[in-house]
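Visitor: If you scroll down you'll find the structure; I have some questions about it.
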2 protein chains.
Amino acid sequence: MTPAGKIETVDDHGGSLGRARALFPQAPQPFVDLSTGINPHSYPLFDLPATAFTRLPEAARLEELKKAAAESYGAPAAANVAAAPGTQILLPRVMAQASPGRAKVLGPTYAEHFRGAALAGHSVEETSDFNDLFDSDIAVVVNPNNPDGRVTARGKLLDLAETLARRGGLLVVDEAFMDVGPKAQSLAGDVGRPGLVVLKSFGKFFGLAGVRLGFALAEQGVAARLEAELGPWAVSGPALETGIGALADDTWQEAMLDRLAGESERLDKLLESFGLTVIGGTSLYRFFETPVAQALFVALGRNGVLLRNFSWSRSALRCGLPADEVAWSRLQEALVAWKSRKSFKELAS
Amino acid sequence: MTPAGKIETVDDHGGSLGRARALFPQAPQPFVDLSTGINPHSYPLFDLPATAFTRLPEAARLEELKKAAAESYGAPAAANVAAAPGTQILLPRVMAQASPGRAKVLGPTYAEHFRGAALAGHSVEETSDFNDLFDSDIAVVVNPNNPDGRVTARGKLLDLAETLARRGGLLVVDEAFMDVGPKAQSLAGDVGRPGLVVLKSFGKFFGLAGVRLGFALAEQGVAARLEAELGPWAVSGPALETGIGALADDTWQEAMLDRLAGESERLDKLLESFGLTVIGGTSLYRFFETPVAQALFVALGRNGVLLRNFSWSRSALRCGLPADEVAWSRLQEALVAWKSRKSFKELAS
C-alpha cells in the first residue's frame with residue numbers, strides 16, 4: 001500500500017552535499033562523496049557551441065540524439081526512443097501509460113518508482129518476490145538492481161511483460177545501470193512489443209548527472225505519446241550536444257568499462273581488508289551488509305567520507321567509486337580510523 | 001472544441017532552422033532568424049563549474065534559484081515558485097491542477113496552451129473575447145500576448161481569477177514576455193491567492209532558450225505539488241547556475257530593457273519605411289498585418305531572413321530583433337529586394 005507522504009518527496013537520496021553537511025557539520029571538507037552510483041570519471045566536457053545555450057534546441061539535433069541512443073542501447077529505431085531531461089521526470093508519465101490499477105515494484109530498490117507510480121494514480125506495493133509481479137497491472141523492475149546489483153534474466157522479464165500486456169498492463173524496466181551490466185539481459189531490443197517500457201539514464205555511466213538526460217524506450221506509439229506529453233524542447237541544448245557526442249563514442253565507453261571493472265575490484269579488496277564483504281552491486285557501486293553499518297556510516301561521515309545508507313535496512317550500505325588517489329587515501333584512512341575505534345562500544349551501536 | 005491532432009504536436013513554432021532550410025532550401029545562409037521572440041543579446045555565458053555537469057543538482061542551489069526568481073519576479077516567497085526545465089514541460093501539469101472541465105484560451109496566442117490543456121483532459125476552446133473566459137473551468141491568458149503584445153490589465157485578471165477560484169477553477173497567466181512588459185500588470189505578487197498560476201520563462205528575455213528553465217508561481221501548496229510531480233533534479237546544473245547568476249543581475253537587466261526598447265523602435269522605423277505599420281508586440285518582437293504577408297514571408301525567406309507567419313492568419317507577421325549590424329543590413333536588403341519586386345504579380349499572391 002502507499003505509505004502516507006511517499007507521494008510528496010523522497011528525502012534520503014544519495015548525492016546531496018547539503019544533506020551531508022547537515023549530518024556531519026564537523027567533517028573535514030571537501031567531502032569524498034561515495035553516496036551515489038554516478039561515475040566519478042565523467043565523459044570529458046567539451047566546448048559547447050554558444051547556440052546550445054542561446055537558441056531553442058533544434059528538432060533535427062533531437063533526432064540525432066535519439067538515433068545515437070537507439071544505436072548505443074540497441075533499441076529497434078530512433079522512433080522507439082523518447083528523450084527527456086532525466087528519467088526522473090519521465091516516471092509518472094511512464095506509469096500513466098497504464099490505467100490506474102495495482103502497481104508492484106520489485107524491491108528494495110530506487111525509491112522514486114514507488115512515488116512515480118503513486119503520482120500516476122496507482123496503488124503501489126513493494127514486493128521482494130519476482131513471481132508476485134505477475135499479479136499486478138504495472139510492474140517495475142530495476143535491472144541491474146540498485147543498490148544490490150541483482151540481475152533479472154531477460155527471459156523472465158519477457159514472460160512477465162507478455163503476461164501483463166495480455167491484460168493491458170505494463171512492465172517498466174529501469175536499466176539505469178545496464179551500461180555497466182550484462183548487456184545480454186537488456187530488454188532494449190525488445191521494446192517493439194506492447195506493454196514494455198525500458199528506462200535509460202545518461203548521467204550515471206557518463207558521469208554527467210547534472211546535465212539531466214534520460215530516455216524511455218518503448219513501442220513507437222508510446223514513445224510518441226511520451227514526447228507529446230513532454231512537449232517540444234524538453235531536452236536542453238547542452239544535454240543534446242553532450243548526449244550526441246558521448247553516446248556515439250564507443251572507444252571511450254569500452255575503455256571506461258574496463259577502468260570501472262578494475263576500480264570496483266580494487267574497492268572490493270579494500271573493503272574486504274577491513275572485514276567488509278561485498279555481496280553485490282555493479283562496477284559503479286558496491287553493496288555490502290554488516291551489523292555495524294550505522295556506526296560505520298557515521299564514523300566515515302565524520303571523516304568526510306560519505307557512504308549511502310538506507311531507511312529500509314540497518315545493516316545495508318552502498319559505496320561508490322573514489323574519484324582519484326586522494327579520495328582513495330581518504331577512504332582508506334577513514335576505514336583505518338573506524339577500525340581502530342571499533343572496539344569502542346559507543347560506535348558499534 | 002479540441003481539433004483532432006492538436007494534442008500530438010504543434011508544427012509551426014518559430015525558431016527552427018531545420019524547418020527554415022526545408023522551406024527555403026536555396027536561401028543564402030546563415031539564416032537571419034527573426035522568427036522568435038527570444039532576445040538575440042543573450043546574458044553573457046560564463047564559465048560554469050564542471051560540477052554543474054557532473055554532479056546531481058543540489059537542493060540548496062535549487063532553493064537559491066527559487067529565491068532569486070521570487071525576488072526578480074516579485075512573487076511572495078521562494079515557496080511560491082516551482083522551477084522546471086522550461087515552462088513548456090509544466091503546461092499539462094499546471095492545467096491538471098483543475099479537474100477536467102472546460103478550458104478557454106484567450107487567442108490567438110501561443111499554441112501550446114491549447115495542447116497542454118487538452119493533454120490534461122480538458123475540452124478546449126479558443127476565444128477572442130475576454131469576458132467569455134468567465135464561463136470556463138480553466139482560463140488561459142498570455143500577458144503580454146504573443147504575438148500581438150496585447151496587455152490585459154491586472155485588475156481584470158484578478159476579477160477573473162476570483163470568479164474562477166470561487167467554483168474551484170483556475171486562471172493560468174503566461175507572463176513569458178512580462179520581463180519586457182508593463183510590470184504593474186504582472187500577477188506575480190498575487191499568486192498567494194487560490195486558483196491562480198503565473199508562468200515565467202527564463203530563456204526569452206535572457207536570450208538563453210537552449211538552457212531550458214521556467215517557473216510556475218502559485219500558492220505554496222500548488223507549487224509544492226508541481227515540484228513533487230517533476231521530481232528531484234528537474235532543473236539541470238547549467239540551468240541552475242545560469243539562472244541564479246542572471247536573475248540576480250539587476251544591472252544587466254536594466255541596461256538590456258533600454259537596449260531592447262531602442263532596438264524595437266529602430267525596427268519599427270525600418271519596417272515603416274517599407275510601408276509596414278507595426279500595430280503591436282513587445283520590445284522582443286514586433287507584430288504587423290499586411291495583405292501581402294505571405295509574399296513578404298516568402299520573399300524574405302528566400303533571402304535567408306526568417307519572419308514568423310501564422311496558421312490562423314494570412315495577413316499577420318511577427319518580426320524579432322536582428323542580432324547585430326550584419327543582420328540589420330540583411331533585413332534591410334531583403335526588404336529592398338522585396339519592395340523592388342513587389343509589383344511582380346506572382347509575389348503578391
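FYI, nothing fancy with the C-alpha cells labels: chains A, B, ... in order, residues from 1 per chain, ligands from 1 as they appear.
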For chain A, work out the contacting residues on chain B at 7 Å, counting only C-alpha atoms, and write them as a list in words.
Guide: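 Result: Glu8, Thr9, Gly15, Ser16, Gly18, Ser42, Ala52, Phe53, Thr54, Arg55, Leu56, Pro57, Glu58, Ala60, Gln88, Ile89, Gly207, Leu208, Ala209, Gly210, Val211, Arg212, Ala228, Leu230, Gly231, Ala234, Ser236 and Gly237 of chain B.
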Visitor: Filtering to N, CA, C and O atoms, could you give me those residues as a short mmCIF file (atom, residue, chain, number, x, y, z; two decimals), in the first residue's frame?
Guide:
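What follows is the written file part_16.cif:
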```cif
data_model
loop_
_atom_site.label_atom_id
_atom_site.label_comp_id
_atom_site.auth_asym_id
_atom_site.auth_seq_id
_atom_site.Cartn_x
_atom_site.Cartn_y
_atom_site.Cartn_z
N GLU B 8 -1.19 16.07 -30.38
CA GLU B 8 0.05 15.39 -30.74
C GLU B 8 1.23 16.35 -30.79
O GLU B 8 2.24 16.15 -30.15
N THR B 9 1.07 17.38 -31.59
CA THR B 9 2.22 18.26 -31.80
C THR B 9 1.76 19.56 -32.44
O THR B 9 0.75 19.59 -33.11
N GLY B 15 11.69 29.58 -34.76
CA GLY B 15 12.98 29.22 -34.17
C GLY B 15 13.59 27.92 -34.64
O GLY B 15 14.55 27.46 -34.06
N SER B 16 13.04 27.31 -35.69
CA SER B 16 13.63 26.07 -36.18
C SER B 16 14.37 26.32 -37.49
O SER B 16 13.77 26.59 -38.53
N GLY B 18 15.98 24.04 -39.04
CA GLY B 18 15.69 22.88 -39.87
C GLY B 18 14.46 23.12 -40.74
O GLY B 18 14.46 22.86 -41.94
N SER B 42 22.16 37.59 -25.67
CA SER B 42 21.98 36.72 -24.51
C SER B 42 22.73 37.25 -23.30
O SER B 42 23.72 37.97 -23.42
N ALA B 52 28.63 21.48 -12.24
CA ALA B 52 27.27 21.74 -12.73
C ALA B 52 26.85 20.65 -13.71
O ALA B 52 25.66 20.34 -13.84
N PHE B 53 27.82 20.07 -14.40
CA PHE B 53 27.54 19.00 -15.36
C PHE B 53 27.65 17.62 -14.71
O PHE B 53 26.89 16.72 -15.02
N THR B 54 28.62 17.47 -13.81
CA THR B 54 28.93 16.11 -13.34
C THR B 54 28.08 15.67 -12.15
O THR B 54 27.69 14.52 -12.07
N ARG B 55 27.78 16.57 -11.24
CA ARG B 55 27.07 16.17 -10.02
C ARG B 55 25.57 16.32 -10.16
O ARG B 55 25.08 17.12 -10.96
N LEU B 56 24.81 15.60 -9.37
CA LEU B 56 23.38 15.84 -9.27
C LEU B 56 23.18 17.27 -8.77
O LEU B 56 23.88 17.72 -7.85
N PRO B 57 22.23 18.00 -9.35
CA PRO B 57 21.94 19.35 -8.85
C PRO B 57 21.60 19.30 -7.36
O PRO B 57 20.88 18.42 -6.90
N GLU B 58 22.14 20.25 -6.61
CA GLU B 58 21.95 20.30 -5.16
C GLU B 58 20.64 21.00 -4.80
O GLU B 58 20.32 22.06 -5.35
N ALA B 60 20.09 22.74 -2.29
CA ALA B 60 20.36 24.09 -1.77
C ALA B 60 20.48 25.11 -2.92
O ALA B 60 20.07 26.26 -2.78
N GLN B 88 7.37 25.01 -20.90
CA GLN B 88 6.67 24.09 -21.80
C GLN B 88 6.27 22.79 -21.10
O GLN B 88 5.13 22.36 -21.17
N ILE B 89 7.22 22.19 -20.41
CA ILE B 89 7.01 20.89 -19.79
C ILE B 89 6.03 21.00 -18.61
O ILE B 89 5.42 20.02 -18.19
N GLY B 207 17.73 35.54 -23.36
CA GLY B 207 18.31 35.05 -24.61
C GLY B 207 18.99 33.70 -24.47
O GLY B 207 19.96 33.40 -25.16
N LEU B 208 18.46 32.85 -23.58
CA LEU B 208 19.09 31.55 -23.30
C LEU B 208 18.06 30.43 -23.39
O LEU B 208 17.85 29.66 -22.45
N ALA B 209 17.43 30.36 -24.56
CA ALA B 209 16.33 29.40 -24.74
C ALA B 209 16.79 27.96 -24.68
O ALA B 209 16.01 27.06 -24.36
N GLY B 210 18.08 27.72 -25.00
CA GLY B 210 18.57 26.35 -25.01
C GLY B 210 18.81 25.77 -23.63
O GLY B 210 18.90 24.57 -23.45
N VAL B 211 18.91 26.66 -22.63
CA VAL B 211 19.20 26.24 -21.26
C VAL B 211 18.03 25.48 -20.65
O VAL B 211 18.20 24.59 -19.84
N ARG B 212 16.83 25.81 -21.08
CA ARG B 212 15.58 25.23 -20.59
C ARG B 212 15.38 25.50 -19.10
O ARG B 212 15.80 24.73 -18.24
N ALA B 228 6.65 18.21 -6.75
CA ALA B 228 6.59 16.78 -6.45
C ALA B 228 6.37 15.99 -7.74
O ALA B 228 6.93 14.91 -7.92
N LEU B 230 7.29 16.94 -10.79
CA LEU B 230 8.50 16.99 -11.61
C LEU B 230 9.59 16.10 -11.01
O LEU B 230 10.44 15.59 -11.73
N GLY B 231 9.55 15.93 -9.70
CA GLY B 231 10.55 15.10 -9.03
C GLY B 231 11.83 15.88 -8.78
O GLY B 231 11.99 17.02 -9.21
N ALA B 234 14.89 18.31 -11.35
CA ALA B 234 14.21 18.65 -12.61
C ALA B 234 14.99 19.71 -13.38
O ALA B 234 14.96 19.74 -14.61
N SER B 236 18.46 21.34 -14.56
CA SER B 236 19.85 20.90 -14.76
C SER B 236 20.84 21.81 -14.03
O SER B 236 20.52 22.97 -13.71
N GLY B 237 22.03 21.30 -13.82
CA GLY B 237 23.09 22.10 -13.20
C GLY B 237 23.40 23.38 -13.97
O GLY B 237 23.45 24.47 -13.38
#
```
Visitor: Quick one: DSSP helix (DSSP H, G or I) residues in region 82-191 of chain A, as a ChimeraX atom specification?
Guide: /A:88-95,112-119,130-134,154-166,178-180,183-185,188-190
Visitor: Wanna dump the region 19-122 of chain B-region 138-160 of chain B contacts at 8 Å for me, each residue with its shortest atom pair and the distance in Å to one decimal, counting only C-alpha atoms, ordered by chain and number, as JSON lines?
Guide:
```
{"residue": "B:Met95", "atom": "CA", "partner": "B:Ile138", "partner_atom": "CA", "distance": 7.6}
{"residue": "B:Ala98", "atom": "CA", "partner": "B:Ile138", "partner_atom": "CA", "distance": 7.0}
{"residue": "B:Gly101", "atom": "CA", "partner": "B:Ile138", "partner_atom": "CA", "distance": 7.5}
{"residue": "B:Arg102", "atom": "CA", "partner": "B:Ile138", "partner_atom": "CA", "distance": 6.4}
{"residue": "B:Ala103", "atom": "CA", "partner": "B:Ile138", "partner_atom": "CA", "distance": 4.6}
{"residue": "B:Lys104", "atom": "CA", "partner": "B:Ala139", "partner_atom": "CA", "distance": 4.9}
{"residue": "B:Val105", "atom": "CA", "partner": "B:Val140", "partner_atom": "CA", "distance": 4.6}
{"residue": "B:Leu106", "atom": "CA", "partner": "B:Val141", "partner_atom": "CA", "distance": 5.4}
{"residue": "B:Thr109", "atom": "CA", "partner": "B:Asn146", "partner_atom": "CA", "distance": 5.5}
{"residue": "B:Tyr110", "atom": "CA", "partner": "B:Asn146", "partner_atom": "CA", "distance": 6.1}
{"residue": "B:His113", "atom": "CA", "partner": "B:Val140", "partner_atom": "CA", "distance": 7.4}
```
Visitor: So what do you get for CA of Gly301 (chain B) versus CA of Leu23 (chain B), distance-wise?
Guide: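 Atom-to-atom, CA of Gly301 (chain B) to CA of Leu23 (chain B), that is 8.1 Å.
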Visitor: Find the spatial neighbours of Leu307 (chain B), counting only C-alpha atoms, within a cut-off of 9 Å - ignore same-chain residues fewer than 5 positions away - and output them as a tab-separated table (two decimals) with N, CA and C atoms, in the first residue's frame.
Guide:
```tsv
chain	number	residue	atom	x	y	z
B	14	GLY	N	8.15	29.02	-34.26
B	14	GLY	CA	9.30	29.71	-34.80
B	14	GLY	C	10.58	29.10	-34.26
B	33	ASP	N	17.61	34.82	-38.28
B	33	ASP	CA	16.40	34.24	-37.71
B	33	ASP	C	15.64	35.27	-36.87
B	34	LEU	N	14.59	35.85	-37.45
B	34	LEU	CA	13.74	36.79	-36.73
B	34	LEU	C	12.39	36.14	-36.43
B	35	SER	N	12.38	34.81	-36.41
B	35	SER	CA	11.11	34.08	-36.27
B	35	SER	C	10.71	33.84	-34.82
B	36	THR	N	11.57	34.25	-33.87
B	36	THR	CA	11.23	34.03	-32.46
B	36	THR	C	11.14	35.37	-31.73
B	296	LEU	N	5.55	38.49	-48.59
B	296	LEU	CA	6.68	39.07	-47.86
B	296	LEU	C	7.45	37.99	-47.11
B	297	PHE	N	6.71	37.10	-46.44
B	297	PHE	CA	7.33	35.99	-45.71
B	297	PHE	C	8.22	35.17	-46.64
B	300	LEU	N	11.33	37.32	-48.12
B	300	LEU	CA	12.42	37.45	-47.15
B	300	LEU	C	13.07	36.10	-46.87
B	301	GLY	N	12.23	35.07	-46.76
B	301	GLY	CA	12.77	33.73	-46.51
B	301	GLY	C	13.74	33.30	-47.59
B	317	LEU	N	2.10	38.97	-39.37
B	317	LEU	CA	3.50	38.57	-39.31
B	317	LEU	C	4.11	39.08	-38.01
B	318	ARG	N	5.13	38.38	-37.54
B	318	ARG	CA	5.86	38.82	-36.36
B	318	ARG	C	7.34	38.86	-36.73
B	319	CYS	N	8.02	39.85	-36.20
B	319	CYS	CA	9.44	40.02	-36.53
B	319	CYS	C	10.24	40.24	-35.25
B	320	GLY	N	11.22	39.41	-35.01
B	320	GLY	CA	12.09	39.58	-33.85
B	320	GLY	C	13.20	40.58	-34.13
```
Visitor: Determine, counting only C-alpha atoms, which protein, DNA and RNA residues have an atom within 10 Å of an atom of region 331-337 of chain B; residues of the same chain fewer than 6 positions away are not included. Present the result as a PyMOL selection string.
Guide: chain B and resi 32-34+267+270-271+273-274+296+299-306+322+325
Visitor: Report the distance between CA of Ser311 (chain B) and CA of Gly107 (chain B) in Å, rounded to one decimal place.
Guide: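 Separating CA of Ser311 (chain B) from CA of Gly107 (chain B) is a distance of 12.8 Å.
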Visitor: Can you pull out the residues contacting Lys183 (chain B)? Cut-off 10 Å, using only C-alpha atoms, and skip same-chain residues under 3 positions away; I want them as a list in words.
Guide: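 Listing them by chain and then by number gives Tyr73, Gly74, Arg154, Met178, Asp179, Val180, Ser186, Leu187 and Ala188 of chain B.
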Visitor: Could you go through region 80-290 of chain B and tell me which residues DSSP, when run on the backbone, assigns to strand (DSSP E), listing them as a PyMOL selection string?
Guide: chain B and resi 81-84+102-106+123-127+138-142+170-174+196-201+214-218+278-282+285-289
Visitor: Could you please take those selected residues and save N, CA and C atoms as a compact mmCIF listing (two decimals), in the first residue's frame?
Guide:
```
# COMPACT_ATOMS: atom_id res chain seq x y z
N VAL B 81 7.29 29.30 -5.72
CA VAL B 81 7.93 29.08 -7.02
C VAL B 81 8.16 27.59 -7.24
N ALA B 82 7.73 27.08 -8.39
CA ALA B 82 8.14 25.75 -8.84
C ALA B 82 9.04 25.95 -10.04
N ALA B 83 10.26 25.40 -9.97
CA ALA B 83 11.23 25.56 -11.06
C ALA B 83 11.20 24.32 -11.95
N ALA B 84 11.31 24.54 -13.25
CA ALA B 84 11.18 23.43 -14.21
C ALA B 84 12.14 23.62 -15.37
N ARG B 102 -13.97 22.53 -18.77
CA ARG B 102 -13.89 23.33 -19.98
C ARG B 102 -12.78 24.36 -19.85
N ALA B 103 -11.80 24.27 -20.72
CA ALA B 103 -10.71 25.24 -20.74
C ALA B 103 -10.95 26.23 -21.87
N LYS B 104 -10.65 27.49 -21.59
CA LYS B 104 -10.72 28.51 -22.65
C LYS B 104 -9.42 29.29 -22.68
N VAL B 105 -8.90 29.43 -23.89
CA VAL B 105 -7.64 30.14 -24.10
C VAL B 105 -7.95 31.43 -24.84
N LEU B 106 -7.49 32.55 -24.28
CA LEU B 106 -7.68 33.83 -24.96
C LEU B 106 -6.71 33.89 -26.14
N SER B 123 -11.69 19.81 -22.23
CA SER B 123 -12.10 20.23 -23.56
C SER B 123 -11.64 21.67 -23.70
N VAL B 124 -11.15 22.04 -24.85
CA VAL B 124 -10.51 23.35 -25.00
C VAL B 124 -11.12 24.13 -26.15
N GLU B 125 -11.40 25.39 -25.89
CA GLU B 125 -11.81 26.31 -26.95
C GLU B 125 -10.88 27.50 -26.91
N GLU B 126 -10.72 28.12 -28.07
CA GLU B 126 -10.06 29.41 -28.10
C GLU B 126 -11.14 30.47 -28.21
N THR B 127 -10.98 31.55 -27.48
CA THR B 127 -11.93 32.66 -27.60
C THR B 127 -11.15 33.96 -27.74
N ILE B 138 -11.19 26.53 -16.56
CA ILE B 138 -9.78 26.93 -16.56
C ILE B 138 -9.58 27.91 -17.71
N ALA B 139 -9.04 29.05 -17.39
CA ALA B 139 -8.82 30.09 -18.39
C ALA B 139 -7.33 30.36 -18.53
N VAL B 140 -6.93 30.62 -19.77
CA VAL B 140 -5.51 30.87 -20.04
C VAL B 140 -5.37 32.21 -20.75
N VAL B 141 -4.56 33.09 -20.18
CA VAL B 141 -4.28 34.39 -20.79
C VAL B 141 -2.77 34.57 -20.87
N VAL B 142 -2.28 34.91 -22.05
CA VAL B 142 -0.87 35.22 -22.20
C VAL B 142 -0.74 36.74 -22.11
N LEU B 170 -9.47 27.62 -12.30
CA LEU B 170 -8.06 28.04 -12.31
C LEU B 170 -7.83 29.04 -13.43
N LEU B 171 -7.10 30.10 -13.11
CA LEU B 171 -6.62 31.03 -14.13
C LEU B 171 -5.12 30.83 -14.29
N VAL B 172 -4.70 30.60 -15.52
CA VAL B 172 -3.28 30.48 -15.84
C VAL B 172 -2.89 31.71 -16.65
N VAL B 173 -1.94 32.49 -16.12
CA VAL B 173 -1.45 33.67 -16.82
C VAL B 173 0.00 33.40 -17.24
N ASP B 174 0.22 33.37 -18.53
CA ASP B 174 1.56 33.14 -19.05
C ASP B 174 2.25 34.48 -19.24
N LEU B 196 -4.84 30.55 -9.04
CA LEU B 196 -4.05 31.38 -9.95
C LEU B 196 -2.65 30.80 -10.09
N VAL B 197 -2.24 30.58 -11.33
CA VAL B 197 -0.86 30.18 -11.60
C VAL B 197 -0.28 31.14 -12.64
N VAL B 198 0.89 31.67 -12.36
CA VAL B 198 1.58 32.56 -13.29
C VAL B 198 2.83 31.85 -13.81
N LEU B 199 2.99 31.83 -15.12
CA LEU B 199 4.15 31.18 -15.72
C LEU B 199 5.20 32.20 -16.13
N LYS B 200 6.46 31.88 -15.86
CA LYS B 200 7.57 32.76 -16.21
C LYS B 200 8.59 31.96 -17.00
N SER B 201 9.06 32.56 -18.08
CA SER B 201 10.05 31.91 -18.92
C SER B 201 11.39 32.59 -18.74
N GLY B 214 12.21 27.45 -16.62
CA GLY B 214 10.97 28.20 -16.49
C GLY B 214 10.39 27.99 -15.10
N PHE B 215 9.39 28.79 -14.77
CA PHE B 215 8.85 28.76 -13.42
C PHE B 215 7.33 28.83 -13.44
N ALA B 216 6.71 28.15 -12.50
CA ALA B 216 5.31 28.39 -12.19
C ALA B 216 5.27 29.07 -10.83
N LEU B 217 4.57 30.20 -10.77
CA LEU B 217 4.35 30.89 -9.49
C LEU B 217 2.91 30.57 -9.08
N ALA B 218 2.75 30.15 -7.84
CA ALA B 218 1.42 29.70 -7.41
C ALA B 218 1.35 29.69 -5.89
N VAL B 278 3.69 48.67 -37.80
CA VAL B 278 3.63 47.81 -36.61
C VAL B 278 2.43 48.19 -35.77
N ILE B 279 1.62 47.21 -35.40
CA ILE B 279 0.42 47.51 -34.61
C ILE B 279 0.49 46.91 -33.21
N GLY B 280 1.55 46.22 -32.90
CA GLY B 280 1.65 45.66 -31.56
C GLY B 280 2.94 44.90 -31.36
N GLY B 281 2.99 44.18 -30.25
CA GLY B 281 4.18 43.41 -29.93
C GLY B 281 4.77 43.83 -28.60
N THR B 282 5.98 43.38 -28.36
CA THR B 282 6.76 43.81 -27.20
C THR B 282 8.11 44.23 -27.76
N TYR B 285 9.64 41.41 -29.92
CA TYR B 285 9.07 41.05 -31.23
C TYR B 285 8.05 42.10 -31.61
N ARG B 286 7.94 42.35 -32.90
CA ARG B 286 7.00 43.33 -33.40
C ARG B 286 5.98 42.63 -34.27
N PHE B 287 4.74 43.12 -34.20
CA PHE B 287 3.62 42.46 -34.86
C PHE B 287 3.00 43.42 -35.87
N PHE B 288 2.76 42.95 -37.08
CA PHE B 288 2.11 43.80 -38.07
C PHE B 288 1.25 42.97 -39.00
N GLU B 289 0.35 43.66 -39.67
CA GLU B 289 -0.53 42.98 -40.62
C GLU B 289 -0.42 43.66 -41.97
```
Visitor: Hey, which of A:Leu260, A:Ala69, A:Val94, A:Ala223 ends up closest to His122 (chain A)? Count only C-alpha atoms.
Guide: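 Of the candidates, the smallest distance to His122 (chain A) is held by A:Val94.
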